[in-house]
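S.K.: File name query-v8.txt; file contents compact mmCIF, C-alpha atoms; full text below.
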```txt
# COMPACT_ATOMS: atom_id res chain seq x y z
CA MET E 1 -21.90 -10.20 -21.70
CA SER E 2 -22.18 -10.01 -17.91
CA THR E 3 -19.01 -8.88 -16.14
CA LEU E 4 -17.58 -8.41 -12.65
CA THR E 5 -14.73 -6.29 -11.36
CA THR E 6 -11.74 -8.14 -9.93
CA GLY E 7 -12.92 -7.16 -6.45
CA GLU E 8 -16.39 -8.59 -7.05
CA ALA E 9 -14.93 -11.76 -8.58
CA ALA E 10 -12.60 -12.12 -5.60
CA LYS E 11 -15.53 -11.99 -3.16
CA ARG E 12 -17.46 -14.57 -5.15
CA LEU E 13 -14.47 -16.94 -5.24
CA GLY E 14 -13.24 -16.25 -1.70
CA VAL E 15 -9.80 -15.10 -2.85
CA THR E 16 -7.94 -11.80 -3.16
CA PRO E 17 -8.06 -9.45 -6.18
CA VAL E 18 -4.39 -10.30 -6.77
CA ALA E 19 -5.33 -13.97 -6.96
CA VAL E 20 -8.06 -13.12 -9.47
CA ARG E 21 -5.51 -11.44 -11.73
CA LYS E 22 -3.30 -14.54 -11.48
CA LEU E 23 -6.29 -16.73 -12.39
CA ILE E 24 -6.83 -14.56 -15.47
CA GLY E 25 -3.18 -14.99 -16.38
CA THR E 26 -3.40 -18.79 -16.16
CA GLY E 27 -6.59 -18.91 -18.20
CA GLN E 28 -8.87 -20.05 -15.38
CA LEU E 29 -10.80 -16.78 -15.63
CA ILE E 30 -11.63 -14.81 -18.78
CA GLN E 31 -10.87 -11.10 -18.93
CA ALA E 32 -13.82 -9.36 -20.58
CA GLY E 33 -12.32 -5.88 -20.93
CA THR E 34 -11.28 -2.86 -18.91
CA VAL E 35 -12.87 0.38 -17.75
CA GLY E 36 -10.08 2.83 -17.03
CA ARG E 37 -7.71 0.84 -14.82
CA THR E 38 -10.42 -1.59 -13.69
CA ILE E 39 -10.21 -5.09 -15.11
CA LEU E 40 -13.55 -6.71 -15.94
CA VAL E 41 -13.96 -10.47 -15.65
CA ASP E 42 -16.49 -12.61 -17.50
CA THR E 43 -19.14 -13.62 -14.96
CA GLY E 44 -19.64 -17.02 -16.57
CA SER E 45 -15.99 -17.96 -16.07
CA VAL E 46 -16.18 -16.84 -12.42
CA ASP E 47 -19.30 -18.92 -11.81
CA GLN E 48 -17.72 -21.96 -13.47
CA LEU E 49 -14.59 -21.67 -11.36
CA ALA E 50 -16.69 -21.18 -8.23
CA ARG E 51 -18.41 -24.49 -8.96
CA VAL E 52 -15.25 -26.55 -9.43
CA GLY E 53 -12.91 -24.60 -7.15
CA THR E 54 -9.57 -22.98 -7.87
CA ARG E 55 -7.67 -26.03 -6.64
CA HIS E 56 -9.55 -28.75 -8.49
CA GLY E 57 -6.53 -30.95 -9.06
CA ARG E 58 -3.04 -30.12 -10.25
CA PRO E 59 -3.13 -28.99 -13.91
CA TRP E 60 -1.75 -31.43 -16.43
CA THR E 61 1.56 -30.84 -18.13
CA GLU E 62 1.34 -29.75 -21.75
CA GLU E 63 2.20 -33.30 -22.83
CA ASN E 64 -0.50 -34.87 -20.69
CA ALA E 65 -3.06 -32.21 -21.61
CA TRP E 66 -2.65 -32.96 -25.30
CA ALA E 67 -2.70 -36.70 -24.69
CA ALA E 68 -5.99 -36.32 -22.82
CA LEU E 69 -7.52 -34.06 -25.48
CA THR E 70 -6.41 -36.43 -28.23
CA LEU E 71 -7.94 -39.44 -26.46
CA LEU E 72 -11.11 -37.53 -25.73
CA SER E 73 -11.39 -36.66 -29.42
CA GLY E 74 -11.39 -40.34 -30.36
CA GLU E 75 -7.77 -40.75 -31.43
CA THR E 76 -5.49 -43.41 -29.95
CA LYS E 77 -1.99 -42.39 -31.06
CA VAL E 78 -0.43 -40.60 -28.08
CA GLY E 79 3.13 -41.83 -28.28
CA TRP E 80 4.60 -38.76 -26.59
CA ILE E 81 3.68 -40.02 -23.07
CA GLY E 82 4.50 -43.24 -21.23
CA SER E 83 2.15 -46.19 -20.73
CA SER E 84 1.62 -45.55 -17.01
CA GLU E 85 0.67 -41.91 -17.64
CA LEU E 86 -1.61 -43.03 -20.44
CA SER E 87 -3.42 -45.44 -18.11
CA ARG E 88 -3.92 -42.76 -15.48
CA LEU E 89 -5.30 -40.34 -18.05
CA LYS E 90 -7.74 -42.90 -19.41
CA GLU E 91 -9.00 -43.61 -15.91
CA LYS E 92 -9.36 -39.91 -15.17
CA LEU E 93 -11.31 -39.29 -18.36
CA ARG E 94 -13.73 -42.08 -17.46
CA THR E 95 -14.71 -40.41 -14.19
CA MET E 96 -14.17 -36.67 -14.62
CA GLU E 97 -16.83 -33.97 -14.83
CA SER E 98 -16.93 -31.56 -17.76
CA ALA E 99 -16.11 -28.56 -15.55
CA GLU E 100 -12.77 -30.13 -14.60
CA LEU E 101 -11.37 -30.23 -18.12
CA PRO E 102 -10.69 -26.47 -18.58
CA ILE E 103 -8.86 -26.43 -15.24
CA LEU E 104 -6.73 -29.52 -15.81
CA ALA E 105 -5.89 -28.66 -19.46
CA ARG E 106 -5.14 -24.97 -18.97
CA ARG E 107 -1.40 -25.46 -19.60
CA ARG E 108 -2.00 -26.87 -23.08
CA ALA E 109 -0.67 -23.72 -24.77
CA SER E 110 0.82 -20.28 -24.30
CA VAL E 111 -1.81 -17.80 -25.50
CA ARG E 112 -1.06 -14.49 -27.23
CA HIS E 113 -3.65 -11.91 -28.28
CA PHE E 114 -3.17 -9.40 -31.11
CA ARG E 115 -5.07 -7.08 -33.41
CA GLY E 116 -4.66 -7.06 -37.17
CA THR E 117 -6.39 -5.63 -40.23
CA PRO E 118 -9.07 -7.75 -41.98
CA ASP E 119 -6.63 -8.56 -44.80
CA VAL E 120 -3.98 -9.65 -42.32
CA VAL E 121 -6.50 -11.80 -40.45
CA GLN E 122 -7.24 -13.75 -43.63
CA LEU E 123 -3.53 -14.27 -44.29
CA LEU E 124 -2.88 -15.40 -40.72
CA ARG E 125 -5.55 -18.08 -41.01
CA THR E 126 -3.30 -19.88 -43.49
CA HIS E 127 -0.45 -19.97 -40.94
CA LEU E 128 -2.46 -21.44 -38.06
CA LEU E 129 -4.18 -24.71 -37.28
CA LEU E 130 -7.57 -23.14 -36.76
CA SER E 131 -9.43 -23.48 -33.49
CA GLY E 132 -12.21 -21.80 -31.55
CA ALA E 133 -14.69 -19.89 -33.71
CA ALA E 134 -12.20 -19.78 -36.60
CA ALA E 135 -12.40 -23.58 -36.87
CA MET E 136 -16.00 -23.23 -38.04
CA ALA E 137 -14.60 -22.63 -41.52
CA ASP E 138 -14.58 -26.44 -41.74
CA ASP E 139 -18.12 -27.60 -42.56
CA ASP E 140 -17.84 -30.79 -40.51
CA ILE E 141 -16.61 -28.90 -37.45
CA ALA E 142 -19.31 -26.25 -37.88
CA GLU E 143 -21.97 -28.96 -38.02
CA ARG E 144 -20.57 -30.68 -34.92
CA PHE E 145 -20.75 -27.48 -32.88
CA GLY E 146 -23.87 -26.05 -34.51
CA LEU E 147 -22.04 -22.80 -35.28
CA THR E 148 -21.14 -20.74 -38.32
CA GLY E 149 -18.89 -17.79 -39.03
CA GLY E 150 -15.54 -17.01 -37.46
CA ALA E 151 -14.22 -15.42 -40.66
CA GLY E 152 -13.54 -12.09 -38.96
CA ALA E 153 -10.95 -13.50 -36.59
CA ALA E 154 -7.84 -15.65 -36.73
CA GLU E 155 -7.47 -18.13 -33.90
CA GLY E 156 -5.39 -21.24 -33.85
CA TYR E 157 -2.29 -23.19 -32.88
CA ALA E 158 1.31 -22.64 -33.91
CA GLY E 159 4.73 -23.73 -32.78
CA ALA E 160 6.75 -22.08 -30.02
CA GLY E 161 8.16 -18.75 -31.22
CA ASP E 162 5.75 -18.41 -34.13
CA ALA E 163 3.66 -15.72 -32.44
CA ASP E 164 6.55 -13.26 -32.37
CA ALA E 165 7.49 -14.13 -35.94
CA LEU E 166 3.94 -13.57 -37.18
CA ARG E 167 3.66 -10.36 -35.17
CA ASP E 168 6.77 -8.96 -36.79
CA ALA E 169 5.87 -10.18 -40.27
CA TYR E 170 2.34 -8.78 -40.29
CA GLY E 171 2.59 -5.78 -37.99
CA LEU E 172 0.30 -7.18 -35.33
CA ILE E 173 -0.42 -5.13 -32.21
CA GLU E 174 -0.68 -6.82 -28.81
CA ASP E 175 -4.30 -6.46 -27.70
CA ARG E 176 -6.12 -8.63 -25.17
CA GLU E 177 -9.42 -7.94 -26.97
CA GLY E 178 -7.96 -8.25 -30.47
CA ASN E 179 -9.15 -10.35 -33.40
CA VAL E 180 -6.10 -12.63 -33.48
CA VAL E 181 -5.42 -15.41 -30.95
CA ILE E 182 -2.26 -17.47 -31.36
CA ARG E 183 -1.84 -20.50 -29.12
CA GLU E 184 1.77 -21.68 -29.06
CA VAL E 185 2.57 -25.32 -28.30
CA THR E 186 5.68 -27.44 -28.04
CA VAL E 187 3.85 -30.78 -28.32
CA THR E 188 3.22 -31.47 -32.01
CA GLY E 189 2.04 -35.09 -31.92
CA ALA E 190 -1.57 -34.11 -31.35
CA PHE E 191 -1.58 -32.24 -34.67
CA ALA E 192 -0.13 -35.00 -36.83
CA GLU E 193 -3.17 -34.97 -39.13
CA GLY E 194 -2.95 -31.21 -39.59
CA LYS E 195 -6.07 -30.56 -37.52
CA VAL E 196 -6.84 -29.50 -33.97
CA PRO E 197 -8.50 -32.19 -31.81
CA VAL E 198 -12.22 -31.54 -31.37
CA ALA E 199 -11.85 -31.44 -27.57
CA ALA E 200 -9.32 -28.61 -27.86
CA ILE E 201 -11.61 -26.62 -30.16
CA ALA E 202 -14.36 -27.03 -27.57
CA LEU E 203 -12.09 -25.81 -24.78
CA ASP E 204 -11.03 -22.79 -26.81
CA LEU E 205 -14.67 -21.92 -27.44
CA LEU E 206 -15.17 -21.78 -23.67
CA GLU E 207 -12.89 -18.72 -23.67
CA SER E 208 -15.03 -16.90 -26.24
CA PRO E 209 -16.90 -13.73 -25.17
CA ALA E 210 -19.92 -15.02 -27.12
CA THR E 211 -22.42 -16.96 -25.02
CA ARG E 212 -23.50 -19.16 -27.94
CA GLU E 213 -19.91 -20.23 -28.64
CA ARG E 214 -19.23 -20.99 -24.98
CA SER E 215 -22.42 -23.04 -24.78
CA ALA E 216 -21.48 -25.03 -27.88
CA GLY E 217 -18.04 -25.76 -26.44
CA GLN E 218 -19.52 -26.92 -23.14
CA ARG E 219 -22.05 -29.15 -24.89
CA VAL E 220 -19.42 -30.90 -27.01
CA ILE E 221 -17.15 -31.45 -24.00
CA LYS E 222 -20.02 -33.16 -22.18
CA GLU E 223 -20.73 -35.30 -25.24
CA LEU E 224 -17.11 -36.37 -25.58
CA LEU E 225 -16.83 -37.31 -21.92
CA ALA E 226 -20.09 -39.30 -22.10
CA ALA E 227 -19.06 -41.21 -25.23
```
When written as C-alpha cells, how does the structure in this file appear?

M.R.:
Amino acid sequence: MSTLTTGEAAKRLGVTPVAVRKLIGTGQLIQAGTVGRTILVDTGSVDQLARVGTRHGRPWTEENAWAALTLLSGETKVGWIGSSELSRLKEKLRTMESAELPILARRRASVRHFRGTPDVVQLLRTHLLLSGAAAMADDDIAERFGLTGGAGAAEGYAGAGDADALRDAYGLIEDREGNVVIREVTVTGAFAEGKVPVAAIALDLLESPATRERSAGQRVIKELLAA
C-alpha cells in the first residue's frame, strides 16, 4: 500500500499537518500505520479527498446518513427522519457523485479499533452486524462485491456502549491496525432486518488497507448511485 507522511499529505491537500490528523480522526483520511512517531496516511484516501475537497458539503447527521444509505441500498422505510429531510436526501442522491458519499456519511458511526486472538475474533463476529470484509461471509454479499474471505477479522456495527463492553468481556486491546473494528451507532432503524445496508458495507470497504476491497466498495457505490 502506498503511503504518505502527514507533512506530505498536508502539502498535497493544501492544509496543515494538524488538519491532516483531524481528517484522520473524522474518517476522511485513512491512517496506514506509523514509523516511530511519524503517522503514515493511505495515499489513495489523500488523492480521493484532494479530488472532492475537504469542505465538500456539511456532513450528514447520523440519522440522515443512515437514511441516505438505506435509500441507496434500495429500502424505503426510513421513518426516523421527517418528510422534508427525506425529500432533500432523495434529491441529493439523484445528483451526487460517488466521491461525495464517504465525506457526507462520515458521521454514520463512532469507530473503535482493537486486536484480539483468532478465537476471540470468531466469537465477536456473532455479536456484530458484519460489515466491510467480514460481511463477505454472506454468499450473496460476497457475490455482489466480487470478494471472498474476511474470516480473519471481525468488523461490524453495534449499539452505543457495546465496544467497551466487548473489550472488557473479551480482553481486547486498543490497536488502530488491529483485526477488530467495531462501529457504534445510535440509529437502529437501518438495521431492522438484522443486516447492514449494502451502501454502508461499500463505504466501510473504502477504509480497508486492501486495494481490491477499496475498489470493490467504490464500484458498488457507483452502481447504487446510477441505479

S.K.: Taking (-15.0, -33.9, -28.8) in the file's coordinates, which residues come within 6 Å, counting only C-alpha atoms, written as a PyMOL selection string?

M.R.: chain E and resi 73+198-199+220-221+224

S.K.: Select, from E:Pro102, E:Gly156, E:Pro197, E:Gly149, the residue with the minimum atom-to-atom distance to E:Pro59, counting only C-alpha atoms.

M.R.: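 Closest to E:Pro59 of all the choices is E:Pro102.
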
S.K.: Can you build me a table of stretch 113-221 of chain E residues sitting at most 12 Å from stretch 39-44 of chain E, with the closest atom pair per residue and its distance in Å to one decimal, using all atoms listed in the file, sorted by chain and residue number, as a Markdown table?

M.R.:
```
| residue | atom | partner | partner_atom | distance |
| --- | --- | --- | --- | --- |
| E:Arg176 | CA | E:Ile39 | CA | 11.4 |
| E:Glu177 | CA | E:Leu40 | CA | 11.8 |
| E:Leu206 | CA | E:Gly44 | CA | 9.6 |
| E:Glu207 | CA | E:Asp42 | CA | 9.4 |
| E:Ser208 | CA | E:Asp42 | CA | 9.8 |
| E:Pro209 | CA | E:Asp42 | CA | 7.8 |
| E:Ala210 | CA | E:Asp42 | CA | 10.5 |
| E:Thr211 | CA | E:Gly44 | CA | 8.9 |
| E:Arg214 | CA | E:Gly44 | CA | 9.3 |
| E:Ser215 | CA | E:Gly44 | CA | 10.6 |
| E:Gln218 | CA | E:Gly44 | CA | 11.9 |
```

S.K.: Quick check, in Å to one decimal: how far apart do atom CA of E:Thr186 and atom CA of E:Thr61 lie?

M.R.: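 Between atom CA of E:Thr186 and atom CA of E:Thr61 the gap works out to 11.3 Å.
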
S.K.: Rank E:Ala67, E:Gly33, E:Ser45, E:Arg58 by their smallest atom-to-atom distance to E:Gly178, using all atoms listed in the file, and report the top residue only.

M.R.: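 Comparing E:Ala67, E:Gly33, E:Ser45, E:Arg58 against E:Gly178, the winner is E:Gly33.
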
S.K.: So, counting only C-alpha atoms, which residue among E:Leu225, E:Tyr170, E:Ala133, E:Thr6 is closest to E:Lys92?

M.R.: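 That would be E:Leu225, the residue with the smallest distance to E:Lys92.
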
S.K.: In Å, how far is it from atom CA of E:Ala151 to atom CA of E:Ala134?

M.R.: 6.3 Å

S.K.: Select, from E:Gly79, E:Arg94, E:Gln122, E:Val46, the residue with the minimum atom-to-atom distance to E:Gln31, counting only C-alpha atoms.

M.R.: E:Val46

S.K.: Please provide the set of residues having any atom within 9 Å of E:Pro118, restricted to only C-alpha atoms, with same-chain residues fewer than 2 positions apart removed, written as an mmCIF file with C-alpha atoms, in the coordinates of the input.

M.R.:
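See around07.cif below for the written result:
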```
data_model
loop_
_atom_site.group_PDB
_atom_site.id
_atom_site.type_symbol
_atom_site.label_atom_id
_atom_site.label_comp_id
_atom_site.auth_asym_id
_atom_site.auth_seq_id
_atom_site.Cartn_x
_atom_site.Cartn_y
_atom_site.Cartn_z
ATOM 1 C CA GLY E 116 -4.660 -7.060 -37.170
ATOM 2 C CA VAL E 120 -3.980 -9.650 -42.320
ATOM 3 C CA VAL E 121 -6.500 -11.800 -40.450
ATOM 4 C CA GLN E 122 -7.240 -13.750 -43.630
ATOM 5 C CA LEU E 123 -3.530 -14.270 -44.290
ATOM 6 C CA GLY E 152 -13.540 -12.090 -38.960
ATOM 7 C CA ALA E 153 -10.950 -13.500 -36.590
ATOM 8 C CA ASN E 179 -9.150 -10.350 -33.400
#
```

S.K.: To one decimal in Å, tell me the separation between atom CA of E:Thr70 and atom CA of E:Arg167.

M.R.: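 Going from atom CA of E:Thr70 over to atom CA of E:Arg167 covers 28.8 Å.
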
S.K.: Can you tell me which residues surround E:Ala160 at a distance of at most 9 Å, considering only C-alpha atoms, apart from same-chain residues fewer than 4 positions away, and format the answer as a PyMOL selection string?

M.R.: chain E and resi 110+183-186

S.K.: Find the residues near E:Ala158: any atom within 12 Å, counting only C-alpha atoms, skip ones fewer than 2 places away on the same chain, and give them as a PyMOL selection string.

M.R.: chain E and resi 109-112+124-131+154-156+160-166+181-188+191+194-196

S.K.: Point out the residue among E:Ala226, E:Ala202, E:Leu172, E:Leu49 with the least atom-to-atom distance to E:Leu93, counting only C-alpha atoms.

M.R.: E:Ala226

S.K.: With only C-alpha atoms as the basis for distance, which of E:Gly150, E:Leu89, E:Ala50, E:Thr34 is at the shortest distance from E:Val15?

M.R.: E:Ala50

S.K.: With only C-alpha atoms as the counted atoms, please give the residues lying no more than 10 Å from stretch 16-23 of chain E, apart from itself and same-chain residues fewer than 2 positions off, as a PDB file with C-alpha atoms, in the frame of the given file.

M.R.:
```
ATOM      1  CA  THR E   5     -14.730  -6.290 -11.360  1.00  0.00           C
ATOM      2  CA  THR E   6     -11.740  -8.140  -9.930  1.00  0.00           C
ATOM      3  CA  GLY E   7     -12.920  -7.160  -6.450  1.00  0.00           C
ATOM      4  CA  GLU E   8     -16.390  -8.590  -7.050  1.00  0.00           C
ATOM      5  CA  ALA E   9     -14.930 -11.760  -8.580  1.00  0.00           C
ATOM      6  CA  ALA E  10     -12.600 -12.120  -5.600  1.00  0.00           C
ATOM      7  CA  LYS E  11     -15.530 -11.990  -3.160  1.00  0.00           C
ATOM      8  CA  LEU E  13     -14.470 -16.940  -5.240  1.00  0.00           C
ATOM      9  CA  GLY E  14     -13.240 -16.250  -1.700  1.00  0.00           C
ATOM     10  CA  GLY E  25      -3.180 -14.990 -16.380  1.00  0.00           C
ATOM     11  CA  THR E  26      -3.400 -18.790 -16.160  1.00  0.00           C
ATOM     12  CA  GLY E  27      -6.590 -18.910 -18.200  1.00  0.00           C
ATOM     13  CA  GLN E  28      -8.870 -20.050 -15.380  1.00  0.00           C
ATOM     14  CA  LEU E  29     -10.800 -16.780 -15.630  1.00  0.00           C
ATOM     15  CA  ILE E  30     -11.630 -14.810 -18.780  1.00  0.00           C
ATOM     16  CA  GLN E  31     -10.870 -11.100 -18.930  1.00  0.00           C
ATOM     17  CA  ILE E  39     -10.210  -5.090 -15.110  1.00  0.00           C
ATOM     18  CA  VAL E  41     -13.960 -10.470 -15.650  1.00  0.00           C
ATOM     19  CA  VAL E  46     -16.180 -16.840 -12.420  1.00  0.00           C
ATOM     20  CA  LEU E  49     -14.590 -21.670 -11.360  1.00  0.00           C
ATOM     21  CA  THR E  54      -9.570 -22.980  -7.870  1.00  0.00           C
TER      22      THR E  54
END
```

S.K.: Once 3 Å is added on each side, what are the centre and the three edge lengths, in Å to one decimal, of the axis-aligned box enclosing the listed atoms of stretch 121-139 of chain E? Present them as JSON.

M.R.:
```
{"center_x": -9.3, "center_y": -19.7, "center_z": -37.9, "size_x": 23.7, "size_y": 21.8, "size_z": 18.7}
```

S.K.: With N, CA and C atoms as the target, complete stretch 160-174 of chain E and hand it back as a PDB file, keeping the file's coordinate frame.

M.R.:
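Below you can see rebuild_7.pdb, which holds the result:
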```pdb
ATOM      1  N   ALA E 160       6.116 -23.032 -30.928  1.00  0.00           N
ATOM      2  CA  ALA E 160       6.750 -22.080 -30.020  1.00  0.00           C
ATOM      3  C   ALA E 160       7.593 -21.082 -30.814  1.00  0.00           C
ATOM      4  N   GLY E 161       7.415 -19.801 -30.535  1.00  0.00           N
ATOM      5  CA  GLY E 161       8.160 -18.750 -31.220  1.00  0.00           C
ATOM      6  C   GLY E 161       7.461 -18.185 -32.434  1.00  0.00           C
ATOM      7  N   ASP E 162       6.433 -18.870 -32.918  1.00  0.00           N
ATOM      8  CA  ASP E 162       5.750 -18.410 -34.130  1.00  0.00           C
ATOM      9  C   ASP E 162       4.961 -17.123 -33.905  1.00  0.00           C
ATOM     10  N   ALA E 163       4.452 -16.922 -32.696  1.00  0.00           N
ATOM     11  CA  ALA E 163       3.660 -15.720 -32.440  1.00  0.00           C
ATOM     12  C   ALA E 163       4.473 -14.456 -32.670  1.00  0.00           C
ATOM     13  N   ASP E 164       5.694 -14.428 -32.170  1.00  0.00           N
ATOM     14  CA  ASP E 164       6.550 -13.260 -32.370  1.00  0.00           C
ATOM     15  C   ASP E 164       6.900 -13.090 -33.847  1.00  0.00           C
ATOM     16  N   ALA E 165       7.153 -14.206 -34.513  1.00  0.00           N
ATOM     17  CA  ALA E 165       7.490 -14.130 -35.940  1.00  0.00           C
ATOM     18  C   ALA E 165       6.317 -13.589 -36.749  1.00  0.00           C
ATOM     19  N   LEU E 166       5.120 -14.051 -36.457  1.00  0.00           N
ATOM     20  CA  LEU E 166       3.940 -13.570 -37.180  1.00  0.00           C
ATOM     21  C   LEU E 166       3.627 -12.119 -36.819  1.00  0.00           C
ATOM     22  N   ARG E 167       3.850 -11.755 -35.577  1.00  0.00           N
ATOM     23  CA  ARG E 167       3.660 -10.360 -35.170  1.00  0.00           C
ATOM     24  C   ARG E 167       4.548  -9.436 -35.976  1.00  0.00           C
ATOM     25  N   ASP E 168       5.818  -9.810 -36.072  1.00  0.00           N
ATOM     26  CA  ASP E 168       6.770  -8.960 -36.790  1.00  0.00           C
ATOM     27  C   ASP E 168       6.490  -8.938 -38.294  1.00  0.00           C
ATOM     28  N   ALA E 169       6.088 -10.090 -38.831  1.00  0.00           N
ATOM     29  CA  ALA E 169       5.870 -10.180 -40.270  1.00  0.00           C
ATOM     30  C   ALA E 169       4.629  -9.415 -40.728  1.00  0.00           C
ATOM     31  N   TYR E 170       3.622  -9.366 -39.877  1.00  0.00           N
ATOM     32  CA  TYR E 170       2.340  -8.780 -40.290  1.00  0.00           C
ATOM     33  C   TYR E 170       1.954  -7.531 -39.511  1.00  0.00           C
ATOM     34  N   GLY E 171       2.856  -7.020 -38.705  1.00  0.00           N
ATOM     35  CA  GLY E 171       2.590  -5.780 -37.990  1.00  0.00           C
ATOM     36  C   GLY E 171       1.460  -5.868 -36.987  1.00  0.00           C
ATOM     37  N   LEU E 172       1.358  -6.995 -36.319  1.00  0.00           N
ATOM     38  CA  LEU E 172       0.300  -7.180 -35.330  1.00  0.00           C
ATOM     39  C   LEU E 172       0.575  -6.333 -34.085  1.00  0.00           C
ATOM     40  N   ILE E 173      -0.516  -5.917 -33.437  1.00  0.00           N
ATOM     41  CA  ILE E 173      -0.420  -5.130 -32.210  1.00  0.00           C
ATOM     42  C   ILE E 173      -0.971  -5.963 -31.058  1.00  0.00           C
ATOM     43  N   GLU E 174      -0.204  -6.079 -29.975  1.00  0.00           N
ATOM     44  CA  GLU E 174      -0.680  -6.820 -28.810  1.00  0.00           C
ATOM     45  C   GLU E 174      -1.955  -6.162 -28.291  1.00  0.00           C
TER      46      GLU E 174
END
```
